[in-house]
Amino acid sequence: MTKSLVTRPSLAESLLLVDVQNALNNTEVDQPPSESLLSDWAIKAHSEIDTMKSEVTVRLVDEAEMTELNQNYRGKTGSTNVLSFPVEDDFDLAHSEDDGLPSLLGDIVICHQVIEREALEQNKSSRAHYAHMVTHGILHLHGYDHLDDASAEQMEALEVKILSYSGFENPYT
């Protein structure tokens, strides 16, 4: 069952509306961070690189759903930690700042079991890893990538800077 909560930021944070969809069953031993934390991390990342009002969906899924998405959209077998789906330019879903409505930025899908497993393997808290994946996803929605060394360095430096605002250490060390 999917529950959805749209977090309405305060005036100071009004650059991003975050819709959190939790598609996990309630039997998970380790629960994901709260919708509020997920929203805060997304808002911090977005506000660092964009001043336009936008809306994003963050969806928490299990490995079965992530495996299917990874296969269907990337042609890769198995699950992964995070996927980002920017709104395509072909759709007329963007709004101008004049109309006061947020533009649709896209969707970030995060696999809970992979995050938990990677956090253990990398000797970090799952909360820190979630913050990193939300930040990473937001940057992808804004066109950042890590396809070559220069792009990866730029994206990683920005991630480290944004994560530091929430008190997290460099995830790459």
# chains A, B, ... in the order shown; residues from 1 in each chain; ligands from 1

$ select_by_dssp --residues "region 1-160 of chain A" --states "strand (DSSP E or B)" --output "number ranges by chain"
A: 3-7, 16-22, 54-61, 82-86, 103-111

$ write_last_selection --atoms "N, CA and C atoms" --output "JSON list (two decimals), in the first residue's frame"
[["chain", "number", "residue", "atom", "x", "y", "z"],
["A", 3, "LYS", "N", 1.36, 5.15, 0.75],
["A", 3, "LYS", "CA", 0.82, 6.34, 1.39],
["A", 3, "LYS", "C", 1.58, 7.53, 0.83],
["A", 4, "SER", "N", 0.94, 8.64, 0.76],
["A", 4, "SER", "CA", 1.53, 9.81, 0.16],
["A", 4, "SER", "C", 1.28, 11.01, 1.05],
["A", 5, "LEU", "N", 2.30, 11.81, 1.22],
["A", 5, "LEU", "CA", 2.18, 13.01, 2.03],
["A", 5, "LEU", "C", 2.85, 14.14, 1.27],
["A", 6, "VAL", "N", 2.12, 15.18, 1.00],
["A", 6, "VAL", "CA", 2.72, 16.34, 0.37],
["A", 6, "VAL", "C", 3.15, 17.27, 1.48],
["A", 7, "THR", "N", 4.43, 17.54, 1.54],
["A", 7, "THR", "CA", 4.96, 18.44, 2.56],
["A", 7, "THR", "C", 4.93, 19.86, 2.01],
["A", 16, "LEU", "N", 10.44, 24.27, -3.03],
["A", 16, "LEU", "CA", 10.20, 22.90, -3.44],
["A", 16, "LEU", "C", 9.06, 22.27, -2.65],
["A", 17, "LEU", "N", 8.10, 21.73, -3.37],
["A", 17, "LEU", "CA", 7.07, 20.90, -2.76],
["A", 17, "LEU", "C", 7.51, 19.46, -2.94],
["A", 18, "VAL", "N", 7.45, 18.68, -1.88],
["A", 18, "VAL", "CA", 7.92, 17.30, -1.92],
["A", 18, "VAL", "C", 6.76, 16.37, -1.60],
["A", 19, "ASP", "N", 6.50, 15.46, -2.53],
["A", 19, "ASP", "CA", 5.48, 14.43, -2.33],
["A", 19, "ASP", "C", 6.22, 13.14, -2.03],
["A", 20, "VAL", "N", 6.10, 12.65, -0.81],
["A", 20, "VAL", "CA", 6.77, 11.41, -0.42],
["A", 20, "VAL", "C", 5.77, 10.26, -0.53],
["A", 21, "GLN", "N", 6.14, 9.25, -1.30],
["A", 21, "GLN", "CA", 5.32, 8.05, -1.45],
["A", 21, "GLN", "C", 6.07, 6.88, -0.84],
["A", 22, "ASN", "N", 5.48, 6.27, 0.17],
["A", 22, "ASN", "CA", 6.09, 5.13, 0.82],
["A", 22, "ASN", "C", 5.38, 3.86, 0.35],
["A", 54, "SER", "N", 9.39, 24.48, -7.55],
["A", 54, "SER", "CA", 9.29, 23.19, -8.23],
["A", 54, "SER", "C", 8.60, 22.19, -7.32],
["A", 55, "GLU", "N", 8.28, 21.05, -7.92],
["A", 55, "GLU", "CA", 7.67, 19.94, -7.18],
["A", 55, "GLU", "C", 8.38, 18.66, -7.58],
["A", 56, "VAL", "N", 8.60, 17.80, -6.60],
["A", 56, "VAL", "CA", 9.28, 16.52, -6.82],
["A", 56, "VAL", "C", 8.56, 15.43, -6.03],
["A", 57, "THR", "N", 8.62, 14.22, -6.56],
["A", 57, "THR", "CA", 8.12, 13.06, -5.83],
["A", 57, "THR", "C", 9.31, 12.21, -5.41],
["A", 58, "VAL", "N", 9.34, 11.81, -4.15],
["A", 58, "VAL", "CA", 10.32, 10.86, -3.65],
["A", 58, "VAL", "C", 9.55, 9.60, -3.29],
["A", 59, "ARG", "N", 9.86, 8.50, -3.98],
["A", 59, "ARG", "CA", 9.14, 7.24, -3.77],
["A", 59, "ARG", "C", 10.09, 6.21, -3.17],
["A", 60, "LEU", "N", 9.69, 5.62, -2.05],
["A", 60, "LEU", "CA", 10.46, 4.57, -1.39],
["A", 60, "LEU", "C", 9.88, 3.23, -1.81],
["A", 61, "VAL", "N", 10.74, 2.36, -2.34],
["A", 61, "VAL", "CA", 10.27, 1.08, -2.88],
["A", 61, "VAL", "C", 11.10, -0.08, -2.34],
["A", 82, "VAL", "N", 19.22, 4.22, -6.17],
["A", 82, "VAL", "CA", 18.37, 5.36, -6.51],
["A", 82, "VAL", "C", 18.26, 5.51, -8.02],
["A", 83, "LEU", "N", 17.08, 5.89, -8.46],
["A", 83, "LEU", "CA", 16.84, 6.24, -9.87],
["A", 83, "LEU", "C", 16.15, 7.60, -9.89],
["A", 84, "SER", "N", 16.50, 8.40, -10.88],
["A", 84, "SER", "CA", 15.86, 9.71, -11.05],
["A", 84, "SER", "C", 15.19, 9.75, -12.41],
["A", 85, "PHE", "N", 13.98, 10.29, -12.41],
["A", 85, "PHE", "CA", 13.21, 10.41, -13.64],
["A", 85, "PHE", "C", 12.79, 11.87, -13.82],
["A", 86, "PRO", "N", 13.61, 12.65, -14.54],
["A", 86, "PRO", "CA", 13.24, 14.05, -14.77],
["A", 86, "PRO", "C", 12.01, 14.14, -15.67],
["A", 103, "SER", "N", 6.93, 24.20, -11.05],
["A", 103, "SER", "CA", 7.17, 23.34, -12.20],
["A", 103, "SER", "C", 7.41, 21.92, -11.68],
["A", 104, "LEU", "N", 7.08, 20.94, -12.49],
["A", 104, "LEU", "CA", 7.31, 19.56, -12.08],
["A", 104, "LEU", "C", 8.75, 19.20, -12.42],
["A", 105, "LEU", "N", 9.51, 18.87, -11.39],
["A", 105, "LEU", "CA", 10.92, 18.54, -11.55],
["A", 105, "LEU", "C", 11.10, 17.09, -11.97],
["A", 106, "GLY", "N", 10.39, 16.19, -11.32],
["A", 106, "GLY", "CA", 10.50, 14.77, -11.65],
["A", 106, "GLY", "C", 10.32, 13.89, -10.43],
["A", 107, "ASP", "N", 10.75, 12.64, -10.57],
["A", 107, "ASP", "CA", 10.61, 11.64, -9.53],
["A", 107, "ASP", "C", 11.96, 11.06, -9.14],
["A", 108, "ILE", "N", 12.10, 10.79, -7.86],
["A", 108, "ILE", "CA", 13.28, 10.08, -7.34],
["A", 108, "ILE", "C", 12.74, 8.81, -6.69],
["A", 109, "VAL", "N", 13.29, 7.68, -7.09],
["A", 109, "VAL", "CA", 12.88, 6.39, -6.53],
["A", 109, "VAL", "C", 14.07, 5.83, -5.75],
["A", 110, "ILE", "N", 13.84, 5.48, -4.50],
["A", 110, "ILE", "CA", 14.90, 4.98, -3.62],
["A", 110, "ILE", "C", 14.52, 3.60, -3.12],
["A", 111, "CYS", "N", 15.47, 2.67, -3.22],
["A", 111, "CYS", "CA", 15.23, 1.30, -2.76],
["A", 111, "CYS", "C", 15.71, 1.14, -1.32]]

$ select_by_dssp --residues "region 63-92 of chain A" --states "alpha helix (DSSP H)" --output "ChimeraX atom specification"
/A:63-74

$ write_last_selection --atoms "all heavy atoms" --output "mmCIF file, in the first residue's frame"
data_model
loop_
_atom_site.group_PDB
_atom_site.id
_atom_site.type_symbol
_atom_site.label_atom_id
_atom_site.label_comp_id
_atom_site.auth_asym_id
_atom_site.auth_seq_id
_atom_site.Cartn_x
_atom_site.Cartn_y
_atom_site.Cartn_z
ATOM 1 N N GLU A 63 12.943 -4.008 -3.200
ATOM 2 C CA GLU A 63 13.852 -4.465 -4.258
ATOM 3 C C GLU A 63 13.123 -4.978 -5.492
ATOM 4 O O GLU A 63 13.620 -4.804 -6.602
ATOM 5 C CB GLU A 63 14.804 -5.535 -3.721
ATOM 6 C CG GLU A 63 15.962 -4.921 -2.980
ATOM 7 C CD GLU A 63 17.115 -5.867 -2.761
ATOM 8 O OE1 GLU A 63 17.101 -6.547 -1.729
ATOM 9 O OE2 GLU A 63 18.015 -5.902 -3.623
ATOM 10 N N ALA A 64 11.970 -5.581 -5.315
ATOM 11 C CA ALA A 64 11.231 -6.092 -6.472
ATOM 12 C C ALA A 64 10.836 -4.951 -7.411
ATOM 13 O O ALA A 64 11.048 -5.034 -8.634
ATOM 14 C CB ALA A 64 9.998 -6.867 -6.013
ATOM 15 N N GLU A 65 10.294 -3.873 -6.849
ATOM 16 C CA GLU A 65 9.902 -2.735 -7.685
ATOM 17 C C GLU A 65 11.115 -2.057 -8.298
ATOM 18 O O GLU A 65 11.107 -1.696 -9.479
ATOM 19 C CB GLU A 65 9.079 -1.722 -6.878
ATOM 20 C CG GLU A 65 8.552 -0.589 -7.740
ATOM 21 C CD GLU A 65 7.578 0.335 -7.023
ATOM 22 O OE1 GLU A 65 6.978 -0.076 -6.001
ATOM 23 O OE2 GLU A 65 7.405 1.476 -7.493
ATOM 24 N N MET A 66 12.188 -1.899 -7.528
ATOM 25 C CA MET A 66 13.381 -1.243 -8.056
ATOM 26 C C MET A 66 14.020 -2.078 -9.154
ATOM 27 O O MET A 66 14.492 -1.545 -10.160
ATOM 28 C CB MET A 66 14.381 -0.955 -6.945
ATOM 29 C CG MET A 66 15.594 -0.171 -7.433
ATOM 30 S SD MET A 66 15.189 1.445 -8.155
ATOM 31 C CE MET A 66 15.455 2.496 -6.748
ATOM 32 N N THR A 67 14.036 -3.400 -8.992
ATOM 33 C CA THR A 67 14.593 -4.284 -10.019
ATOM 34 C C THR A 67 13.824 -4.121 -11.321
ATOM 35 O O THR A 67 14.421 -4.029 -12.401
ATOM 36 C CB THR A 67 14.559 -5.747 -9.539
ATOM 37 O OG1 THR A 67 15.403 -5.849 -8.382
ATOM 38 C CG2 THR A 67 15.040 -6.707 -10.608
ATOM 39 N N GLU A 68 12.509 -4.062 -11.223
ATOM 40 C CA GLU A 68 11.678 -3.881 -12.413
ATOM 41 C C GLU A 68 11.952 -2.537 -13.088
ATOM 42 O O GLU A 68 12.095 -2.448 -14.309
ATOM 43 C CB GLU A 68 10.204 -4.003 -12.031
ATOM 44 C CG GLU A 68 9.265 -3.927 -13.205
ATOM 45 C CD GLU A 68 7.810 -4.107 -12.801
ATOM 46 O OE1 GLU A 68 7.538 -4.716 -11.743
ATOM 47 O OE2 GLU A 68 6.945 -3.633 -13.556
ATOM 48 N N LEU A 69 12.035 -1.479 -12.297
ATOM 49 C CA LEU A 69 12.322 -0.152 -12.853
ATOM 50 C C LEU A 69 13.701 -0.103 -13.502
ATOM 51 O O LEU A 69 13.873 0.470 -14.583
ATOM 52 C CB LEU A 69 12.217 0.912 -11.758
ATOM 53 C CG LEU A 69 10.822 1.205 -11.225
ATOM 54 C CD1 LEU A 69 10.906 2.073 -9.970
ATOM 55 C CD2 LEU A 69 9.971 1.867 -12.287
ATOM 56 N N ASN A 70 14.682 -0.677 -12.823
ATOM 57 C CA ASN A 70 16.047 -0.678 -13.333
ATOM 58 C C ASN A 70 16.131 -1.422 -14.671
ATOM 59 O O ASN A 70 16.810 -0.991 -15.606
ATOM 60 C CB ASN A 70 16.996 -1.297 -12.307
ATOM 61 C CG ASN A 70 18.424 -0.846 -12.463
ATOM 62 O OD1 ASN A 70 18.705 0.215 -13.010
ATOM 63 N ND2 ASN A 70 19.337 -1.656 -11.961
ATOM 64 N N GLN A 71 15.416 -2.531 -14.770
ATOM 65 C CA GLN A 71 15.382 -3.313 -16.017
ATOM 66 C C GLN A 71 14.653 -2.552 -17.122
ATOM 67 O O GLN A 71 15.157 -2.424 -18.233
ATOM 68 C CB GLN A 71 14.691 -4.669 -15.774
ATOM 69 C CG GLN A 71 14.512 -5.505 -17.031
ATOM 70 C CD GLN A 71 15.832 -5.969 -17.627
ATOM 71 O OE1 GLN A 71 16.694 -6.443 -16.909
ATOM 72 N NE2 GLN A 71 15.983 -5.812 -18.926
ATOM 73 N N ASN A 72 13.489 -2.024 -16.798
ATOM 74 C CA ASN A 72 12.660 -1.370 -17.811
ATOM 75 C C ASN A 72 13.228 -0.050 -18.315
ATOM 76 O O ASN A 72 13.069 0.283 -19.486
ATOM 77 C CB ASN A 72 11.243 -1.143 -17.287
ATOM 78 C CG ASN A 72 10.475 -2.426 -17.109
ATOM 79 O OD1 ASN A 72 10.803 -3.460 -17.695
ATOM 80 N ND2 ASN A 72 9.438 -2.376 -16.289
ATOM 81 N N TYR A 73 13.858 0.720 -17.443
ATOM 82 C CA TYR A 73 14.297 2.058 -17.828
ATOM 83 C C TYR A 73 15.791 2.192 -18.081
ATOM 84 O O TYR A 73 16.210 3.122 -18.756
ATOM 85 C CB TYR A 73 13.846 3.085 -16.781
ATOM 86 C CG TYR A 73 12.356 3.235 -16.786
ATOM 87 C CD1 TYR A 73 11.566 2.541 -15.879
ATOM 88 C CD2 TYR A 73 11.717 4.032 -17.724
ATOM 89 C CE1 TYR A 73 10.188 2.655 -15.896
ATOM 90 C CE2 TYR A 73 10.339 4.153 -17.758
ATOM 91 C CZ TYR A 73 9.582 3.457 -16.841
ATOM 92 O OH TYR A 73 8.219 3.568 -16.873
ATOM 93 N N ARG A 74 16.573 1.277 -17.534
ATOM 94 C CA ARG A 74 18.025 1.351 -17.757
ATOM 95 C C ARG A 74 18.570 0.119 -18.450
ATOM 96 O O ARG A 74 19.742 0.091 -18.817
ATOM 97 C CB ARG A 74 18.754 1.555 -16.414
ATOM 98 C CG ARG A 74 18.428 2.895 -15.774
ATOM 99 C CD ARG A 74 19.164 3.090 -14.459
ATOM 100 N NE ARG A 74 20.585 3.169 -14.634
ATOM 101 C CZ ARG A 74 21.479 2.593 -13.824
ATOM 102 N NH1 ARG A 74 21.079 1.901 -12.776
ATOM 103 N NH2 ARG A 74 22.761 2.712 -14.053
#

$ closest_residue --among "A:Val134, A:Lys76, A:Glu159, A:Glu121" --to "His146 (chain A)" --atoms "only C-alpha atoms"
A:Glu159

$ residues_around --residues "region 47-49 of chain A" --least-positions-apart "3" --cutoff "7 Å" --atoms "only C-alpha atoms" --output "count of residues only"
3

$ closest_residue --among "A:Ala131, A:Val87, A:Ala45, A:Met52" --to "Pro32 (chain A)" --atoms "only C-alpha atoms"
A:Ala131

$ closest_residue --among "A:Leu24, A:Tyr165, A:Tyr172, A:Pro102" --to "Thr51 (chain A)" --atoms "only C-alpha atoms"
A:Pro102
